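Student: Sharing a structure with you now.
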Amino acid sequence: MPIILSRKKTPADFIESVTRRSTVIYIGDKKAGLEFLVSFFSAIRPAREKKDPSKNLQNLIRQMNEHPILLSNLHNALLSQLVQTDLSAALTESGIPLANGFWQEFFGRLRHKLIPAFQNENDFLYVISRIFYRSNDYKWVEAIPHDQWKIFFESIGLAFSVDDKHILIQLVRSLKLLSFQVASLGLDKEVRKYLVSQNIEENPFLNQTELIQKIEKSFFEEDAESLTDISERFHLLARHGIDSIERIRQNHSSSGTSIHQTYILLVLSYKLGRIELITDILDDNSKFNSDNFISFFKLLVRNENTKNSIRAFLSQSLGYVAYQIAEHKGSKGTHYITVNDKEYRQMTWSAMKGGAVTAFVSLFKNMLTAIELPIFWHGFAYSMNYSIGFLLIDATGGTLATKQPAFTASAVAGTLDTKGNTHKPNLYNLAITVARVSRSQIASFIGNLLIVFPGAYLLAWIYDLITKTKILEGDKAMAMLESQHPWHSLSLLYACNTGVFLFLTGIIAGYVQNKILYGRIGDRLKNHPWWRANASPEKRRRRSEFIEKNAGAIIGNISLGFMLGMSSTVDKILGIPFDIRHITISAGNVSIALYGLNIRSLPISYLVTIFFGVVAIGFLNFLVSFSLAFIVAVKSRGVRLKEYPEFLGILGRYFIKKPLDFIRPRKQLSETE
């Protein structure tokens with residue numbers, strides 16, 4: 001009589017009920033086998049009494065060793081599902097986005113989130129979804145150490161996966177399907193034109209199809225020796241294809257990438273990985289890679305739990321685009337990090353130039369406010385003022401303190417890069433990098449404010465001297481001061497809005513720079529018919545190089561100007577309290593307002609509060625922008641911060657030992673630094 005176990009049984013009841021009986025599940029009883037597996041893995045799942053899944057699995061392994069009946073039932077339950085279900089979808093589709101495009105997959109997941117797709121009971125993925133029926137089961141499956149899963153599967157006997165003719169036939173058919181899909185994707189122009197060789201005969205994604213017929217022939221003729229040899233060759237070709245994908249990705253820093261290309265490469269890498277797994281089983285060389293099998297098992301569970309997750313799909317598909325954006329930002333971010341005293345002085349001087357331009361921006365902004373214009377055109381005028389100011393800062397070699405975080409965050413994350421490094425990063429060097437970012441940021445803040453405060457005050461005086469009218473005075477000047485007050489207004493909240501805009505600006509700049517490289521805009525413009533007819537080759541070269549180098553920064557500056565300029569119109573149009581506070585612009589506004597009110601007439605305590613309010617605005621500008629940029633940078637690089645819990649301790653000890661390093665550089669560094 002078959003053993004049928006309820007999902008509601010507790011782990012103790014489950015083990016006791018199995019060990020008490022002497023009946024073993026019949027391999028042909030698929031229903032009983034599935035119920036057994038549901039109950040078995042429920043005994044591993046964290047519960048109130050037993051929260052540690054690793055200990056739960058360890059206990060079950062011990063019970064299996066003590067009670068062979070439990071092991072026999074588990075073995076037969078697994079075989080009942082493998083033999084009587086279709087494995088092809090699990091091997092060729094699970095976790096692999098459809099090859100018909102990014103947007104089709106995106107909207108498909110959106111539809112299935114509302115109405116889940118129908119699942120055939122004869123599909124092995126149905127078995128996985130029944131056993132791991134909770135949406136977060138993959139978390140505890142992945143939390144159990146790899147070695148422990150290895151002990152578990154080896155105790156069952158992994159050889160069961162290749163003992164049955166039905167399973168082998170499905171493996172060969174899945175391999176054939178994957179092979180032709182890989183060949184089709186390998187001919188996509190977004191892949192083909194970036195291969196080392198453009199020759200079709202040398203395309204690594206096409207070569208493996210030649211071996212498919214040989215594998216089928218060897219398999220059905222039961223020529224084990226020939227099958228082993230061909231499978232090994234097939235495995236090597238799949239590895240060659242994966243290496244080719246990695247070479248294309250490594251060249252992204254110089255050639256850029258697109259959503260379509262990253263999507264195709266993602267699908268290709270997954271399919272080649274499955275080919276490796278299947279050929280590893282088929283080669284029958286007694287070197288079955290159980291590590292790959294366990295990784296695939298974890299992947300199956302994760303895929304079934306997150307198969308309709310839009311967030312997971314976007315993270316997969318856009319990861320390399322985000323990585324390239326972060327790379328372009330990170331390469332620029334190194335220019336904002338000072339190492340020695342000379343660079344520190346240069347940073348301060350650069351920030352002072354940026355402060356001088358910002359003082360004029362603040363003056364013109366207040367002059368524009370006095371002009372009667374419709375709401376939209378006021379916002380447009382502010383936007384143009386800010387955009388021109390930011391462009392001038394870049395053109396004059398100036399620095400704006402708040403623009404640094406979006407770029408330095410990527411540079412800091414680069415020291416933890418798992419895509420670019422094979423060894424564990426040096427966390428002490430990372431602490432040194434954080435100290436350098438800190439002092440560079442402080443230098444730029446000081447440089448900006450040293451000029452903005454007196455510069456805007458001086459410009460307000462000159463304006464009064466020429467026009468015999470103060471830009472701001474009376475109630476308007478007082479309202480301007482109050483709008484910067486840390487608790488009499490929403491200035492600190494508005495400072496966070498600015499931080500978000502600064503982060504988005506970095507994303508836009510990195511994306512544009514990546515797009516220009518990928519689209520080879522410079523080369524295309526160099527050969528544009530109009531330019532060829534109206535400019536010499538040297539001029540065309542200089543112009544194209546300028547665009548390639550600066551287009552991202554120019555678009556970023558303009559977008560930031562419009563984000564800041566148009567934000568003030570939201571409150572007026574929609575009645576929603578929404579605005580921005582930018583440290584240097586706020587500093588300029590404070591100076592202009594103080595001139596209009598006569599600084600001597602205001603209490604010292606009030607002035608100090610306003611000053612620290614401006615500093616707090618700058619801190620929040622930095623914190624929000626840096627945090628968002630850092631999160632994107634570490635995620636796109638595959639960095640898991642929880643893998644480095646010791647870093648905060650290292651950073652804290654470094655700060656206690658050398659606190660001044662976070663403020664200014666030392667004149668002499670040790671050899672290790």
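Ordering of the structure tokens sets the chain letters (A, B, ...); residue numbers start at 1 within each chain; ligands are numbered from 1 in the order shown.
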From range 27-90 of chain A, collect each residue whose DSSP state is helix (DSSP H, G or I) and return the set as a PyMOL selection string.
Tutor: chain A and resi 30-42+53-66+68-84+88-90
Student: Which residues, written as a ChimeraX atom specification, have at least one atom at most 9 Å from Ile432 in chain A, with only C-alpha atoms counted and residues fewer than 6 positions away on the same chain left out?
Tutor: /A:651,654,661-662,673
Student: Export, as a PDB file, in the first residue's frame, the selected residues with N, CA, C and O atoms.
Tutor:
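The resulting again_32.pdb:
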ATOM      1  N   LEU A 651      36.905  50.107   9.020  1.00  0.00           N
ATOM      2  CA  LEU A 651      36.764  51.545   8.785  1.00  0.00           C
ATOM      3  C   LEU A 651      36.789  52.311  10.103  1.00  0.00           C
ATOM      4  O   LEU A 651      37.428  53.371  10.202  1.00  0.00           O
ATOM      5  N   TYR A 654      40.284  52.435  11.492  1.00  0.00           N
ATOM      6  CA  TYR A 654      41.092  53.350  10.683  1.00  0.00           C
ATOM      7  C   TYR A 654      40.777  54.803  11.044  1.00  0.00           C
ATOM      8  O   TYR A 654      41.684  55.645  11.151  1.00  0.00           O
ATOM      9  N   ASP A 661      42.853  61.903   8.317  1.00  0.00           N
ATOM     10  CA  ASP A 661      42.869  61.444   6.925  1.00  0.00           C
ATOM     11  C   ASP A 661      41.523  61.662   6.241  1.00  0.00           C
ATOM     12  O   ASP A 661      41.458  61.750   5.007  1.00  0.00           O
ATOM     13  N   PHE A 662      40.457  61.738   7.032  1.00  0.00           N
ATOM     14  CA  PHE A 662      39.122  61.945   6.476  1.00  0.00           C
ATOM     15  C   PHE A 662      38.852  63.423   6.187  1.00  0.00           C
ATOM     16  O   PHE A 662      37.820  63.757   5.623  1.00  0.00           O
ATOM     17  N   GLU A 673      50.242  52.225   1.438  1.00  0.00           N
ATOM     18  CA  GLU A 673      49.201  53.129   0.969  1.00  0.00           C
ATOM     19  C   GLU A 673      49.594  53.830  -0.316  1.00  0.00           C
ATOM     20  O   GLU A 673      48.773  54.492  -0.911  1.00  0.00           O
TER      21      GLU A 673
END
Student: List every residue of range 418-494 of chain A that has an atom at most 8 Å from any atom of range 390-409 of chain A, giving for each one its closest atom pair and the distance in Å to one decimal, counting only C-alpha atoms, sorted by chain and then by ascending residue number, as a Markdown table.
Tutor:
| residue | atom | partner | partner_atom | distance |
| --- | --- | --- | --- | --- |
| A:Val437 | CA | A:Thr408 | CA | 7.0 |
| A:Gln441 | CA | A:Ala401 | CA | 6.4 |
| A:Ser444 | CA | A:Ala401 | CA | 5.0 |
| A:Phe445 | CA | A:Ala401 | CA | 5.4 |
| A:Asn448 | CA | A:Leu400 | CA | 7.0 |
Student: What is the distance between CA of Leu272 in chain A and CA of Thr209 in chain A, in Å to one decimal?
Tutor: 12.3 Å
